[in-house]
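I have placed the structure first, in the form of structure tokens, so that the comments after it can refer back to it.
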Amino acid sequence: MFELPEYLTIAAQLNETITGKIIFEGRLGNSPHKFVWYNRKPEEFTELTRGKKVGEATVRGRWLFLPIQPGYVFLLGECGGKVLFHPEGAKLPEKYHLLFKFQDESAITVMTQMWGAMELFEAGKEQDRQYVKNMRTTPVELGFTFDYFNLLLDGLVQGEKRSIKSLLTQDQLIPGMGNSIAQDIMFRAGLHPKHLINELDTHQRERLFIAITSTVQTVVEEGGRYDEIDLFGNPGGYLRIMDNKSAGQPCPVCGTTIEKIQYLGGACYFCPNCQL
Ligand SMILES: [Zn+2]
């Protein structure tokens, strides 16, 4: 699944590649998949996008906003898989969940892996969509300061007990995070996935804050994770520290064997010595 850095990578590449292009034909998928969320009928989508111009893509959390001008915004949300650019003359994939063909005969296709939203809104209405509306501050925004983070945690510790993994992966408390990047954040912060957030002291909160912002920044700079591909079909440059290949291997810091557990709907990889 794409997380914030992969979305940012794809948005930047879309802006170098398709901004200003005129849509010749927009099509919703030819590969039925019940977890792809559309808000338009296929013929309606084609009609509304025909002859429109592509604007600059922006990202918030795990949502990419692509202006379809005039009048509309296309939303690509919460998905993974493949968002691919096809230059003029390239063979298009047979199956896709979304296709935009441009007047210059280049195209993009989207094929999501598990689920994802591919929705077309009248400009402005996309901000009212569930999960977009009232989205909390994301870690690449200026407002994501240590003061903000402390307030977020202070608010959360009033409620039910939450662990670090829950903070990083559930309810989009820190929008854009997911199970993959969370593993390296927890490792860098020296915190066990089950460590409760109400038991964090100031120093641990600080370490966690730094781990979140520095990890996100690094993955963005390296063009996303190596296990996802970009708009041109190339893997990202960020090699994960903690993933399924690390389980059973020595910790890069202390040499202790890295463990794997299933916890909160996904695997966790951690060093039992470094992460407490
Ligand atoms: Zn270790």
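Lettering and numbering for the structure tokens are positional, with chains as A, B, ... in the shown order, residues counted from 1 in each chain, and ligands counted from 1 in the shown order.
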Counting only C-alpha atoms and all ligand atoms, what are the residues of chain A within 6 Å of ligand 1, and for each of them which pair of atoms is the nearest and at what distance in Å, to one decimal? Sort the table by chain and rising number, as a tab-separated table.
```
residue	atom	partner	partner_atom_place_in_ligand_line	distance
A:Cys251	CA	ligand 1	1 (Zn)	4.6
A:Val253	CA	ligand 1	1 (Zn)	5.0
A:Cys254	CA	ligand 1	1 (Zn)	4.2
A:Gly255	CA	ligand 1	1 (Zn)	5.9
A:Thr256	CA	ligand 1	1 (Zn)	5.4
A:Cys271	CA	ligand 1	1 (Zn)	4.7
A:Asn273	CA	ligand 1	1 (Zn)	5.0
A:Cys274	CA	ligand 1	1 (Zn)	4.1
```
Write out as a tab-separated table a residue-level contact list of stretch 118-151 of chain A versus stretch 28-37 of chain A with cut-off 12 Å: for each qualifying residue the closest pair of atoms and the distance in Å to one decimal, counting only C-alpha atoms, rows sorted by chain and residue number upward.
```
residue	atom	partner	partner_atom	distance
A:Met118	CA	A:Trp37	CA	6.0
A:Glu119	CA	A:Trp37	CA	7.2
A:Leu120	CA	A:Leu28	CA	10.6
```
Quiz item: Hey, can you check how far atom CA of A:Gly223 sits from atom CA of A:Leu4?
Solution: 10.9 Å
Quiz item: Which one is closest to A:Pro87: A:Ile22, A:Ala107, A:Leu64, A:Leu48? Count only C-alpha atoms.
Solution: A:Ala107
Exercise. Compile the contact shell of stretch 96-105 of chain A as number ranges by chain: residues with an atom at most 7 Å away, counting only C-alpha atoms, same-chain residues fewer than 3 positions apart removed.
Key: A: 21-31, 88, 93, 108-112
